[in-house]
file entry.pdb (PDB, C-alpha atoms, pLDDT in the B column)
ATOM      1  CA  MET N   1     -55.485  58.354  -4.364  1.00 46.00           C
ATOM      2  CA  ALA N   2     -58.147  58.878  -7.081  1.00 42.00           C
ATOM      3  CA  LYS N   3     -55.883  57.097  -9.569  1.00 43.00           C
ATOM      4  CA  ASN N   4     -55.508  54.180  -7.153  1.00 44.00           C
ATOM      5  CA  ARG N   5     -59.288  53.934  -6.722  1.00 43.00           C
ATOM      6  CA  GLN N   6     -59.810  53.955 -10.526  1.00 42.00           C
ATOM      7  CA  PHE N   7     -57.119  51.320 -11.014  1.00 40.00           C
ATOM      8  CA  ILE N   8     -58.658  49.049  -8.400  1.00 38.00           C
ATOM      9  CA  ARG N   9     -62.128  49.373  -9.865  1.00 42.00           C
ATOM     10  CA  GLN N  10     -60.736  48.500 -13.316  1.00 46.00           C
ATOM     11  CA  LYS N  11     -58.962  45.465 -11.903  1.00 44.00           C
ATOM     12  CA  GLY N  12     -62.186  44.433 -10.248  1.00 44.00           C
ATOM     13  CA  ASN N  13     -63.775  43.950 -13.676  1.00 47.00           C
ATOM     14  CA  GLN N  14     -61.124  41.444 -14.760  1.00 47.00           C
ATOM     15  CA  SER N  15     -61.902  37.728 -14.557  1.00 45.00           C
ATOM     16  CA  GLY N  16     -60.212  35.956 -11.680  1.00 43.00           C
ATOM     17  CA  TYR N  17     -59.553  39.153  -9.719  1.00 39.00           C
ATOM     18  CA  ARG N  18     -60.866  38.876  -6.195  1.00 43.00           C
ATOM     19  CA  GLY N  19     -62.999  41.966  -6.659  1.00 44.00           C
ATOM     20  CA  ASN N  20     -64.786  40.334  -9.609  1.00 44.00           C
ATOM     21  CA  PRO N  21     -68.291  39.200  -8.610  1.00 41.00           C
ATOM     22  CA  ASP N  22     -67.872  36.097 -10.787  1.00 47.00           C
ATOM     23  CA  THR N  23     -65.350  34.658  -8.281  1.00 45.00           C
ATOM     24  CA  GLN N  24     -67.077  35.835  -5.091  1.00 48.00           C
ATOM     25  CA  ASN N  25     -70.130  34.939  -3.051  1.00 50.00           C
ATOM     26  CA  PRO N  26     -73.103  35.962  -5.252  1.00 49.00           C
ATOM     27  CA  ASN N  27     -74.618  37.753  -2.260  1.00 50.00           C
ATOM     28  CA  GLN N  28     -71.510  39.936  -1.742  1.00 49.00           C
ATOM     29  CA  ASP N  29     -71.598  43.549  -2.897  1.00 51.00           C
ATOM     30  CA  PRO N  30     -68.615  44.097  -5.270  1.00 49.00           C
ATOM     31  CA  ILE N  31     -68.581  47.826  -4.516  1.00 47.00           C
ATOM     32  CA  GLU N  32     -68.199  47.107  -0.813  1.00 51.00           C
ATOM     33  CA  ASP N  33     -65.281  44.748  -1.567  1.00 53.00           C
ATOM     34  CA  ASP N  34     -63.583  47.443  -3.649  1.00 52.00           C
ATOM     35  CA  ASP N  35     -63.963  49.936  -0.804  1.00 53.00           C
ATOM     36  CA  THR N  36     -62.273  47.487   1.553  1.00 56.00           C
ATOM     37  CA  LEU N  37     -59.320  47.184  -0.813  1.00 50.00           C
ATOM     38  CA  VAL N  38     -59.082  50.946  -1.072  1.00 50.00           C
ATOM     39  CA  ASP N  39     -58.990  51.209   2.734  1.00 60.00           C
ATOM     40  CA  ILE N  40     -56.120  48.718   2.864  1.00 61.00           C
ATOM     41  CA  VAL N  41     -54.130  50.757   0.353  1.00 57.00           C
ATOM     42  CA  GLU N  42     -54.820  53.927   2.318  1.00 61.00           C
ATOM     43  CA  VAL N  43     -53.648  52.335   5.566  1.00 56.00           C
ATOM     44  CA  LYS N  44     -50.482  51.065   3.889  1.00 58.00           C
ATOM     45  CA  GLU N  45     -49.700  54.475   2.447  1.00 62.00           C
ATOM     46  CA  SER N  46     -50.381  56.146   5.815  1.00 67.00           C
ATOM     47  CA  ALA N  47     -48.022  53.730   7.536  1.00 60.00           C
ATOM     48  CA  GLN N  48     -45.318  54.442   4.966  1.00 67.00           C
ATOM     49  CA  ASP N  49     -45.790  58.186   5.403  1.00 68.00           C
ATOM     50  CA  PHE N  50     -45.597  57.847   9.202  1.00 62.00           C
ATOM     51  CA  PHE N  51     -42.369  55.853   9.009  1.00 61.00           C
ATOM     52  CA  GLU N  52     -40.776  58.271   6.561  1.00 67.00           C
ATOM     53  CA  LYS N  53     -41.622  61.233   8.782  1.00 67.00           C
ATOM     54  CA  ASN N  54     -40.557  59.551  12.019  1.00 68.00           C
ATOM     55  CA  GLN N  55     -37.848  57.134  10.939  1.00 68.00           C
ATOM     56  CA  THR N  56     -35.172  58.923  12.990  1.00 73.00           C
ATOM     57  CA  LEU N  57     -37.256  58.630  16.153  1.00 68.00           C
ATOM     58  CA  ILE N  58     -38.205  55.005  15.442  1.00 62.00           C
ATOM     59  CA  LEU N  59     -34.627  53.960  14.726  1.00 64.00           C
ATOM     60  CA  GLY N  60     -33.482  55.795  17.836  1.00 67.00           C
ATOM     61  CA  LEU N  61     -35.993  53.900  19.969  1.00 67.00           C
ATOM     62  CA  LEU N  62     -34.881  50.593  18.450  1.00 66.00           C
ATOM     63  CA  VAL N  63     -31.233  51.369  19.165  1.00 66.00           C
ATOM     64  CA  ALA N  64     -32.110  52.389  22.734  1.00 69.00           C
ATOM     65  CA  ALA N  65     -34.025  49.132  23.252  1.00 67.00           C
ATOM     66  CA  ILE N  66     -31.084  47.108  21.951  1.00 62.00           C
ATOM     67  CA  LEU N  67     -28.706  48.958  24.255  1.00 60.00           C
ATOM     68  CA  VAL N  68     -30.964  48.406  27.269  1.00 61.00           C
ATOM     69  CA  VAL N  69     -31.337  44.682  26.600  1.00 60.00           C
ATOM     70  CA  GLY N  70     -27.639  44.317  25.823  1.00 55.00           C
ATOM     71  CA  GLY N  71     -26.683  46.237  28.940  1.00 57.00           C
ATOM     72  CA  TYR N  72     -28.960  44.090  31.098  1.00 49.00           C
ATOM     73  CA  LEU N  73     -27.521  40.864  29.714  1.00 47.00           C
ATOM     74  CA  ALA N  74     -23.968  42.141  30.144  1.00 47.00           C
ATOM     75  CA  TYR N  75     -24.728  43.129  33.760  1.00 43.00           C
ATOM     76  CA  LYS N  76     -26.474  39.865  34.600  1.00 49.00           C
ATOM     77  CA  TYR N  77     -24.044  37.422  33.025  1.00 50.00           C
ATOM     78  CA  GLY N  78     -20.829  39.413  32.838  1.00 52.00           C
ATOM     79  CA  TYR N  79     -20.932  41.155  36.208  1.00 53.00           C
ATOM     80  CA  GLN N  80     -23.614  39.871  38.583  1.00 61.00           C
ATOM     81  CA  ALA N  81     -23.274  36.137  37.942  1.00 78.00           C
ATOM     82  CA  PRO N  82     -19.532  36.041  38.803  1.00 77.00           C
ATOM     83  CA  ARG N  83     -20.232  38.082  41.955  1.00 80.00           C
ATOM     84  CA  GLU N  84     -22.957  35.659  42.993  1.00 87.00           C
ATOM     85  CA  LYS N  85     -20.536  32.761  42.623  1.00 87.00           C
ATOM     86  CA  ALA N  86     -17.775  34.576  44.524  1.00 82.00           C
ATOM     87  CA  SER N  87     -20.166  35.511  47.345  1.00 85.00           C
ATOM     88  CA  VAL N  88     -21.181  31.879  47.857  1.00 90.00           C
ATOM     89  CA  GLU N  89     -17.531  30.974  48.362  1.00 90.00           C
ATOM     90  CA  ALA N  90     -16.882  34.017  50.583  1.00 91.00           C
ATOM     91  CA  ILE N  91     -19.598  33.309  53.160  1.00 95.00           C
ATOM     92  CA  HIS N  92     -18.499  29.744  53.891  1.00 92.00           C
ATOM     93  CA  LYS N  93     -16.306  30.464  56.941  1.00 96.00           C
ATOM     94  CA  ALA N  94     -18.673  33.030  58.453  1.00 97.00           C
ATOM     95  CA  GLU N  95     -21.504  30.498  58.322  1.00 96.00           C
ATOM     96  CA  TYR N  96     -19.295  27.971  60.078  1.00 97.00           C
ATOM     97  CA  GLN N  97     -18.553  30.403  62.918  1.00 97.00           C
ATOM     98  CA  PHE N  98     -22.250  31.278  63.152  1.00 97.00           C
ATOM     99  CA  LYS N  99     -23.166  27.605  63.598  1.00 96.00           C
ATOM    100  CA  GLN N 100     -20.571  27.404  66.373  1.00 97.00           C
ATOM    101  CA  ASP N 101     -22.284  30.367  68.123  1.00 97.00           C
ATOM    102  CA  SER N 102     -19.157  32.451  67.533  1.00 97.00           C
ATOM    103  CA  PHE N 103     -21.243  35.424  66.510  1.00 98.00           C
ATOM    104  CA  ALA N 104     -18.603  38.153  66.869  1.00 98.00           C
ATOM    105  CA  LEU N 105     -16.180  36.198  64.684  1.00 98.00           C
ATOM    106  CA  ALA N 106     -18.891  35.468  62.145  1.00 98.00           C
ATOM    107  CA  LEU N 107     -19.636  39.166  61.829  1.00 98.00           C
ATOM    108  CA  SER N 108     -16.162  40.486  61.125  1.00 96.00           C
ATOM    109  CA  ASN N 109     -13.341  37.954  61.424  1.00 95.00           C
ATOM    110  CA  PRO N 110     -14.241  34.350  60.675  1.00 96.00           C
ATOM    111  CA  GLY N 111     -10.591  33.436  60.056  1.00 95.00           C
ATOM    112  CA  GLU N 112      -8.408  32.014  57.267  1.00 93.00           C
ATOM    113  CA  GLY N 113      -8.701  35.213  55.275  1.00 92.00           C
ATOM    114  CA  TYR N 114     -12.447  34.872  54.757  1.00 95.00           C
ATOM    115  CA  GLU N 115     -14.844  37.788  54.972  1.00 96.00           C
ATOM    116  CA  GLY N 116     -17.381  38.159  57.748  1.00 97.00           C
ATOM    117  CA  PHE N 117     -21.062  38.923  57.270  1.00 97.00           C
ATOM    118  CA  LEU N 118     -20.509  42.683  57.460  1.00 98.00           C
ATOM    119  CA  ASP N 119     -17.905  42.677  54.684  1.00 96.00           C
ATOM    120  CA  ILE N 120     -20.019  40.397  52.545  1.00 97.00           C
ATOM    121  CA  ILE N 121     -22.988  42.759  52.852  1.00 97.00           C
ATOM    122  CA  GLU N 122     -20.797  45.646  51.693  1.00 95.00           C
ATOM    123  CA  ASN N 123     -18.655  43.909  49.071  1.00 95.00           C
ATOM    124  CA  TYR N 124     -21.365  41.805  47.407  1.00 94.00           C
ATOM    125  CA  SER N 125     -24.339  44.142  47.647  1.00 92.00           C
ATOM    126  CA  GLY N 126     -27.236  43.150  45.429  1.00 91.00           C
ATOM    127  CA  THR N 127     -26.461  39.421  45.570  1.00 93.00           C
ATOM    128  CA  LYS N 128     -28.591  36.760  47.209  1.00 94.00           C
ATOM    129  CA  VAL N 129     -25.751  35.936  49.587  1.00 95.00           C
ATOM    130  CA  ALA N 130     -25.432  39.566  50.712  1.00 96.00           C
ATOM    131  CA  ASN N 131     -29.152  39.532  51.468  1.00 96.00           C
ATOM    132  CA  LEU N 132     -28.748  36.333  53.500  1.00 96.00           C
ATOM    133  CA  ALA N 133     -25.775  37.870  55.321  1.00 97.00           C
ATOM    134  CA  LYS N 134     -28.121  40.598  56.589  1.00 98.00           C
ATOM    135  CA  TYR N 135     -30.223  37.912  58.250  1.00 98.00           C
ATOM    136  CA  TYR N 136     -27.175  36.262  59.788  1.00 97.00           C
ATOM    137  CA  ALA N 137     -25.908  39.641  60.980  1.00 98.00           C
ATOM    138  CA  GLY N 138     -29.249  40.456  62.576  1.00 98.00           C
ATOM    139  CA  ILE N 139     -29.370  37.147  64.462  1.00 98.00           C
ATOM    140  CA  SER N 140     -25.724  37.546  65.480  1.00 98.00           C
ATOM    141  CA  TYR N 141     -26.288  41.013  66.925  1.00 98.00           C
ATOM    142  CA  LEU N 142     -29.415  39.748  68.704  1.00 98.00           C
ATOM    143  CA  ASN N 143     -27.367  37.053  70.420  1.00 98.00           C
ATOM    144  CA  LEU N 144     -24.676  39.603  71.278  1.00 98.00           C
ATOM    145  CA  GLY N 145     -27.264  41.834  72.953  1.00 98.00           C
ATOM    146  CA  ASN N 146     -27.041  44.657  70.414  1.00 98.00           C
ATOM    147  CA  TYR N 147     -30.770  44.810  69.790  1.00 98.00           C
ATOM    148  CA  ASP N 148     -31.043  48.095  67.880  1.00 98.00           C
ATOM    149  CA  VAL N 149     -28.485  47.010  65.283  1.00 98.00           C
ATOM    150  CA  ALA N 150     -30.089  43.558  65.120  1.00 98.00           C
ATOM    151  CA  LEU N 151     -33.384  45.196  64.193  1.00 98.00           C
ATOM    152  CA  GLU N 152     -31.725  47.248  61.446  1.00 98.00           C
ATOM    153  CA  TYR N 153     -30.247  44.228  59.695  1.00 98.00           C
ATOM    154  CA  LEU N 154     -33.313  42.033  60.162  1.00 98.00           C
ATOM    155  CA  ASP N 155     -35.558  44.750  58.772  1.00 98.00           C
ATOM    156  CA  GLU N 156     -33.357  45.038  55.662  1.00 97.00           C
ATOM    157  CA  TYR N 157     -33.375  41.287  55.080  1.00 97.00           C
ATOM    158  CA  ASP N 158     -35.713  40.216  52.252  1.00 96.00           C
ATOM    159  CA  ALA N 159     -37.170  36.917  53.457  1.00 94.00           C
ATOM    160  CA  ASN N 160     -38.327  34.939  50.413  1.00 89.00           C
ATOM    161  CA  ASP N 161     -38.515  31.321  51.549  1.00 91.00           C
ATOM    162  CA  ASP N 162     -40.767  29.260  53.807  1.00 90.00           C
ATOM    163  CA  VAL N 163     -38.788  29.454  57.054  1.00 95.00           C
ATOM    164  CA  THR N 164     -36.813  32.669  57.498  1.00 96.00           C
ATOM    165  CA  PRO N 165     -39.881  34.947  57.387  1.00 97.00           C
ATOM    166  CA  ILE N 166     -40.949  33.253  60.642  1.00 97.00           C
ATOM    167  CA  THR N 167     -37.550  33.503  62.290  1.00 97.00           C
ATOM    168  CA  LYS N 168     -37.038  37.051  61.006  1.00 98.00           C
ATOM    169  CA  TYR N 169     -40.216  38.376  62.610  1.00 98.00           C
ATOM    170  CA  GLY N 170     -39.759  36.178  65.655  1.00 98.00           C
ATOM    171  CA  ALA N 171     -36.242  37.543  66.195  1.00 98.00           C
ATOM    172  CA  MET N 172     -37.494  41.094  65.695  1.00 98.00           C
ATOM    173  CA  GLY N 173     -40.140  40.377  68.321  1.00 98.00           C
ATOM    174  CA  ASP N 174     -37.417  39.189  70.690  1.00 98.00           C
ATOM    175  CA  ALA N 175     -35.325  42.306  70.061  1.00 98.00           C
ATOM    176  CA  HIS N 176     -38.255  44.648  70.677  1.00 98.00           C
ATOM    177  CA  ALA N 177     -39.154  42.723  73.840  1.00 97.00           C
ATOM    178  CA  GLU N 178     -35.600  43.104  75.127  1.00 97.00           C
ATOM    179  CA  LEU N 179     -35.791  46.830  74.427  1.00 98.00           C
ATOM    180  CA  GLY N 180     -39.045  47.044  76.375  1.00 97.00           C
ATOM    181  CA  ASP N 181     -41.247  47.867  73.378  1.00 97.00           C
ATOM    182  CA  LEU N 182     -43.880  45.207  74.022  1.00 97.00           C
ATOM    183  CA  ASP N 183     -46.381  46.470  71.471  1.00 96.00           C
ATOM    184  CA  ALA N 184     -43.784  46.239  68.691  1.00 98.00           C
ATOM    185  CA  ALA N 185     -42.768  42.815  70.002  1.00 98.00           C
ATOM    186  CA  LYS N 186     -46.373  41.636  69.885  1.00 97.00           C
ATOM    187  CA  ALA N 187     -46.836  42.974  66.354  1.00 98.00           C
ATOM    188  CA  ASN N 188     -43.801  41.040  65.113  1.00 98.00           C
ATOM    189  CA  TYR N 189     -44.773  37.828  66.918  1.00 98.00           C
ATOM    190  CA  LYS N 190     -48.170  38.073  65.227  1.00 98.00           C
ATOM    191  CA  LYS N 191     -46.423  38.283  61.853  1.00 98.00           C
ATOM    192  CA  ALA N 192     -44.312  35.252  62.737  1.00 98.00           C
ATOM    193  CA  VAL N 193     -47.317  33.081  63.670  1.00 97.00           C
ATOM    194  CA  GLY N 194     -49.065  34.085  60.462  1.00 96.00           C
ATOM    195  CA  TYR N 195     -46.966  31.392  58.775  1.00 95.00           C
ATOM    196  CA  GLU N 196     -47.503  27.669  59.257  1.00 94.00           C
ATOM    197  CA  ASN N 197     -44.559  25.625  60.434  1.00 96.00           C
ATOM    198  CA  GLU N 198     -44.761  22.536  62.617  1.00 96.00           C
ATOM    199  CA  PHE N 199     -41.921  23.622  64.914  1.00 96.00           C
ATOM    200  CA  LEU N 200     -41.590  27.392  64.676  1.00 97.00           C
ATOM    201  CA  THR N 201     -45.233  28.478  64.697  1.00 98.00           C
ATOM    202  CA  PRO N 202     -46.112  26.919  68.087  1.00 98.00           C
ATOM    203  CA  TYR N 203     -42.850  28.267  69.509  1.00 98.00           C
ATOM    204  CA  TYR N 204     -43.754  31.855  68.664  1.00 98.00           C
ATOM    205  CA  LEU N 205     -47.402  31.310  69.570  1.00 98.00           C
ATOM    206  CA  SER N 206     -46.192  30.401  73.047  1.00 97.00           C
ATOM    207  CA  LYS N 207     -44.040  33.544  73.201  1.00 97.00           C
ATOM    208  CA  LEU N 208     -46.971  35.631  72.049  1.00 98.00           C
ATOM    209  CA  ALA N 209     -49.232  34.088  74.692  1.00 97.00           C
ATOM    210  CA  VAL N 210     -46.713  34.848  77.448  1.00 96.00           C
ATOM    211  CA  LEU N 211     -46.518  38.434  76.210  1.00 97.00           C
ATOM    212  CA  ASN N 212     -50.327  38.623  76.208  1.00 96.00           C
ATOM    213  CA  MET N 213     -50.422  37.526  79.832  1.00 95.00           C
ATOM    214  CA  SER N 214     -47.780  40.104  80.786  1.00 94.00           C
ATOM    215  CA  GLN N 215     -50.140  42.735  79.400  1.00 94.00           C
ATOM    216  CA  ASP N 216     -53.149  41.255  81.259  1.00 94.00           C
ATOM    217  CA  ASP N 217     -54.710  40.137  77.974  1.00 95.00           C
ATOM    218  CA  SER N 218     -55.922  36.706  79.101  1.00 95.00           C
ATOM    219  CA  GLU N 219     -58.366  36.404  76.223  1.00 95.00           C
ATOM    220  CA  SER N 220     -55.647  36.670  73.564  1.00 96.00           C
ATOM    221  CA  ALA N 221     -53.320  34.408  75.544  1.00 96.00           C
ATOM    222  CA  LEU N 222     -56.035  31.772  75.777  1.00 96.00           C
ATOM    223  CA  ALA N 223     -56.712  32.001  72.033  1.00 96.00           C
ATOM    224  CA  ASN N 224     -53.033  31.457  71.240  1.00 97.00           C
ATOM    225  CA  TYR N 225     -52.737  28.495  73.597  1.00 97.00           C
ATOM    226  CA  LYS N 226     -55.872  26.954  72.106  1.00 96.00           C
ATOM    227  CA  ARG N 227     -54.402  27.296  68.633  1.00 97.00           C
ATOM    228  CA  ILE N 228     -51.325  25.396  69.801  1.00 97.00           C
ATOM    229  CA  GLN N 229     -53.540  22.723  71.331  1.00 96.00           C
ATOM    230  CA  LYS N 230     -55.685  22.401  68.193  1.00 96.00           C
ATOM    231  CA  ASP N 231     -53.187  22.858  65.347  1.00 97.00           C
ATOM    232  CA  PHE N 232     -49.937  21.628  66.891  1.00 97.00           C
ATOM    233  CA  PRO N 233     -50.844  18.929  69.445  1.00 96.00           C
ATOM    234  CA  GLN N 234     -47.529  17.082  68.903  1.00 95.00           C
ATOM    235  CA  SER N 235     -45.353  20.141  69.462  1.00 96.00           C
ATOM    236  CA  ALA N 236     -43.100  20.695  72.478  1.00 95.00           C
ATOM    237  CA  GLU N 237     -45.287  23.659  73.443  1.00 97.00           C
ATOM    238  CA  ALA N 238     -48.536  21.649  73.522  1.00 96.00           C
ATOM    239  CA  LYS N 239     -48.128  20.415  77.112  1.00 93.00           C
ATOM    240  CA  ASP N 240     -47.604  23.921  78.444  1.00 92.00           C
ATOM    241  CA  ALA N 241     -50.568  25.057  76.361  1.00 95.00           C
ATOM    242  CA  ASP N 242     -52.789  22.454  78.048  1.00 94.00           C
ATOM    243  CA  LYS N 243     -51.651  23.640  81.463  1.00 94.00           C
ATOM    244  CA  TYR N 244     -52.199  27.330  80.776  1.00 94.00           C
ATOM    245  CA  ILE N 245     -55.626  26.712  79.225  1.00 93.00           C
ATOM    246  CA  VAL N 246     -56.699  25.208  82.555  1.00 93.00           C
ATOM    247  CA  LEU N 247     -55.086  28.051  84.539  1.00 90.00           C
ATOM    248  CA  LEU N 248     -56.829  30.638  82.389  1.00 89.00           C
ATOM    249  CA  GLY N 249     -60.153  29.016  83.219  1.00 79.00           C
ATOM    250  CA  ALA N 250     -61.171  27.553  79.887  1.00 62.00           C
TER     251      ALA N 250
END

call {"tool": "encode", "arguments": {"input": "entry.pdb", "output": "structure tokens"}}
result
Amino acid sequence: MAKNRQFIRQKGNQSGYRGNPDTQNPNQDPIEDDDTLVDIVEVKESAQDFFEKNQTLILGLLVAAILVVGGYLAYKYGYQAPREKASVEAIHKAEYQFKQDSFALALSNPGEGYEGFLDIIENYSGTKVANLAKYYAGISYLNLGNYDVALEYLDEYDANDDVTPITKYGAMGDAHAELGDLDAAKANYKKAVGYENEFLTPYYLSKLAVLNMSQDDSESALANYKRIQKDFPQSAEAKDADKYIVLLGA
């Protein structure tokens, strides 16, 4: 390093070299500029030494990163994407049966060789359609009176849009109410009415108010009916809300 420092100081005396005070700001200290250049050389040499000592580790990390990225891309586009497409085609008949209120058929035997919601959940796990099938399965079991199983599937469903979070928690409230767990029902109805929807929110607010009254909580019932009256005056539930507000003495 001493030889490098001597070489740099000699170069600094040559005309046109950036360390030469003739080509720099007259107020700049040439010694300070030389020290900066020495530091740069030292950093470069340190970096080279570090790479030489650790090149096996560094190359190994680079190879691992390439394998991870390559594996992810292969999984996403070579495996998951075709499954997503196949699952969209597979759920078609089950959705049709669901819309016809044929819930048992939709769950396991929609017909024409198509898979039901239960098979789709198992055979296309990890896909968006399999996630949606959990919601359909939960609602189907709710309508079939199998409330415990309905709760299992609804709880597993990842609601990530503007509507199904409301219906998910509303349906879970219904299932808990049918099982006699009114506190759990109330908790889920509260989650449902935490979202704003012109049709669904007043519907579950009304259910929550009825549940409040069954628990002799007139204050909470009145608050829920007033919210319907104020925020959803054009809803189907608004007329009943007006009536109950009067009955509750407001």

call {"tool": "resolve_selection", "arguments": {"input": "entry.pdb", "expression": "the PyMOL selection byres ((chain N and resi 235-249) around 10)", "output": "PyMOL selection string"}}
result
chain N and resi 198-207+209-210+213+218-219+221-234+250

call {"tool": "residues_near_point", "arguments": {"input": "entry.pdb", "point": "(-21.2, 45.3, 56.8)", "cutoff": "12 Å", "atoms": "all atoms listed in the file", "output": "number ranges by chain"}}
result
N: 106-109, 115-125, 130-131, 133-138, 149, 152-153

call {"tool": "resolve_selection", "arguments": {"input": "entry.pdb", "expression": "the PyMOL selection byres ((chain N and resi 164-167) around 10)", "output": "MDAnalysis selection string"}}
result
chainID N and resid 132 135 139 154 157:163 168:173 188:197 200:201 204

call {"tool": "closest_residue", "arguments": {"input": "entry.pdb", "among": "N:Pro110, N:Ala104, N:Phe98, N:Ser87", "to": "N:Lys128", "atoms": "all atoms listed in the file"}}
result
N:Ser87

call {"tool": "closest_atom_pairs", "arguments": {"input": "entry.pdb", "of": "stretch 111-153 of chain N", "to": "stretch 174-186 of chain N", "cutoff": "10 Å", "atoms": "all atoms listed in the file", "output": "JSON lines"}}
result
{"residue": "N:Gly138", "atom": "CA", "partner": "N:Ala175", "partner_atom": "CA", "distance": 9.8}
{"residue": "N:Ile139", "atom": "CA", "partner": "N:Ala175", "partner_atom": "CA", "distance": 9.7}
{"residue": "N:Tyr141", "atom": "CA", "partner": "N:Ala175", "partner_atom": "CA", "distance": 9.7}
{"residue": "N:Leu142", "atom": "CA", "partner": "N:Ala175", "partner_atom": "CA", "distance": 6.6}
{"residue": "N:Asn143", "atom": "CA", "partner": "N:Ala175", "partner_atom": "CA", "distance": 9.5}
{"residue": "N:Gly145", "atom": "CA", "partner": "N:Ala175", "partner_atom": "CA", "distance": 8.6}
{"residue": "N:Asn146", "atom": "CA", "partner": "N:Ala175", "partner_atom": "CA", "distance": 8.6}
{"residue": "N:Tyr147", "atom": "CA", "partner": "N:Ala175", "partner_atom": "CA", "distance": 5.2}
{"residue": "N:Asp148", "atom": "CA", "partner": "N:Ala175", "partner_atom": "CA", "distance": 7.5}
{"residue": "N:Val149", "atom": "CA", "partner": "N:Ala175", "partner_atom": "CA", "distance": 9.6}
{"residue": "N:Ala150", "atom": "CA", "partner": "N:Ala175", "partner_atom": "CA", "distance": 7.3}
{"residue": "N:Leu151", "atom": "CA", "partner": "N:Ala175", "partner_atom": "CA", "distance": 6.8}

call {"tool": "atom_distance", "arguments": {"input": "entry.pdb", "atom1": "atom CA of N:Glu84", "atom2": "atom CA of N:Ser102"}}
result
25.0 Å

call {"tool": "build_atoms", "arguments": {"input": "entry.pdb", "residues": "stretch 91-105 of chain N", "atoms": "N, CA and C atoms", "output": "PDB file, in the coordinates of the input"}}
result
ATOM      1  N   ILE N  91     -18.830  33.381  51.916  1.00 95.00           N
ATOM      2  CA  ILE N  91     -19.598  33.309  53.160  1.00 95.00           C
ATOM      3  C   ILE N  91     -19.370  32.000  53.922  1.00 95.00           C
ATOM      4  N   HIS N  92     -18.667  31.090  53.321  1.00 92.00           N
ATOM      5  CA  HIS N  92     -18.499  29.744  53.891  1.00 92.00           C
ATOM      6  C   HIS N  92     -18.004  29.772  55.336  1.00 92.00           C
ATOM      7  N   LYS N  93     -16.919  30.484  55.612  1.00 96.00           N
ATOM      8  CA  LYS N  93     -16.306  30.464  56.941  1.00 96.00           C
ATOM      9  C   LYS N  93     -17.172  31.203  57.960  1.00 96.00           C
ATOM     10  N   ALA N  94     -17.804  32.279  57.551  1.00 97.00           N
ATOM     11  CA  ALA N  94     -18.673  33.030  58.453  1.00 97.00           C
ATOM     12  C   ALA N  94     -19.862  32.171  58.887  1.00 97.00           C
ATOM     13  N   GLU N  95     -20.405  31.404  57.973  1.00 96.00           N
ATOM     14  CA  GLU N  95     -21.504  30.498  58.322  1.00 96.00           C
ATOM     15  C   GLU N  95     -21.042  29.447  59.329  1.00 96.00           C
ATOM     16  N   TYR N  96     -19.836  28.959  59.139  1.00 97.00           N
ATOM     17  CA  TYR N  96     -19.295  27.971  60.078  1.00 97.00           C
ATOM     18  C   TYR N  96     -19.208  28.566  61.486  1.00 97.00           C
ATOM     19  N   GLN N  97     -18.667  29.764  61.613  1.00 97.00           N
ATOM     20  CA  GLN N  97     -18.553  30.403  62.918  1.00 97.00           C
ATOM     21  C   GLN N  97     -19.939  30.678  63.517  1.00 97.00           C
ATOM     22  N   PHE N  98     -20.876  31.036  62.689  1.00 97.00           N
ATOM     23  CA  PHE N  98     -22.250  31.278  63.152  1.00 97.00           C
ATOM     24  C   PHE N  98     -22.838  30.007  63.769  1.00 97.00           C
ATOM     25  N   LYS N  99     -22.637  28.882  63.099  1.00 96.00           N
ATOM     26  CA  LYS N  99     -23.166  27.605  63.598  1.00 96.00           C
ATOM     27  C   LYS N  99     -22.488  27.173  64.893  1.00 96.00           C
ATOM     28  N   GLN N 100     -21.281  27.697  65.122  1.00 97.00           N
ATOM     29  CA  GLN N 100     -20.571  27.404  66.373  1.00 97.00           C
ATOM     30  C   GLN N 100     -20.914  28.417  67.468  1.00 97.00           C
ATOM     31  N   ASP N 101     -21.883  29.294  67.197  1.00 97.00           N
ATOM     32  CA  ASP N 101     -22.284  30.367  68.123  1.00 97.00           C
ATOM     33  C   ASP N 101     -21.167  31.381  68.358  1.00 97.00           C
ATOM     34  N   SER N 102     -20.225  31.452  67.454  1.00 97.00           N
ATOM     35  CA  SER N 102     -19.157  32.451  67.533  1.00 97.00           C
ATOM     36  C   SER N 102     -19.605  33.670  66.716  1.00 97.00           C
ATOM     37  N   PHE N 103     -20.556  34.381  67.274  1.00 98.00           N
ATOM     38  CA  PHE N 103     -21.243  35.424  66.510  1.00 98.00           C
ATOM     39  C   PHE N 103     -20.342  36.621  66.194  1.00 98.00           C
ATOM     40  N   ALA N 104     -19.496  37.023  67.126  1.00 98.00           N
ATOM     41  CA  ALA N 104     -18.603  38.153  66.869  1.00 98.00           C
ATOM     42  C   ALA N 104     -17.633  37.825  65.742  1.00 98.00           C
ATOM     43  N   LEU N 105     -17.089  36.616  65.753  1.00 98.00           N
ATOM     44  CA  LEU N 105     -16.180  36.198  64.684  1.00 98.00           C
ATOM     45  C   LEU N 105     -16.909  36.122  63.351  1.00 98.00           C
TER      46      LEU N 105
END
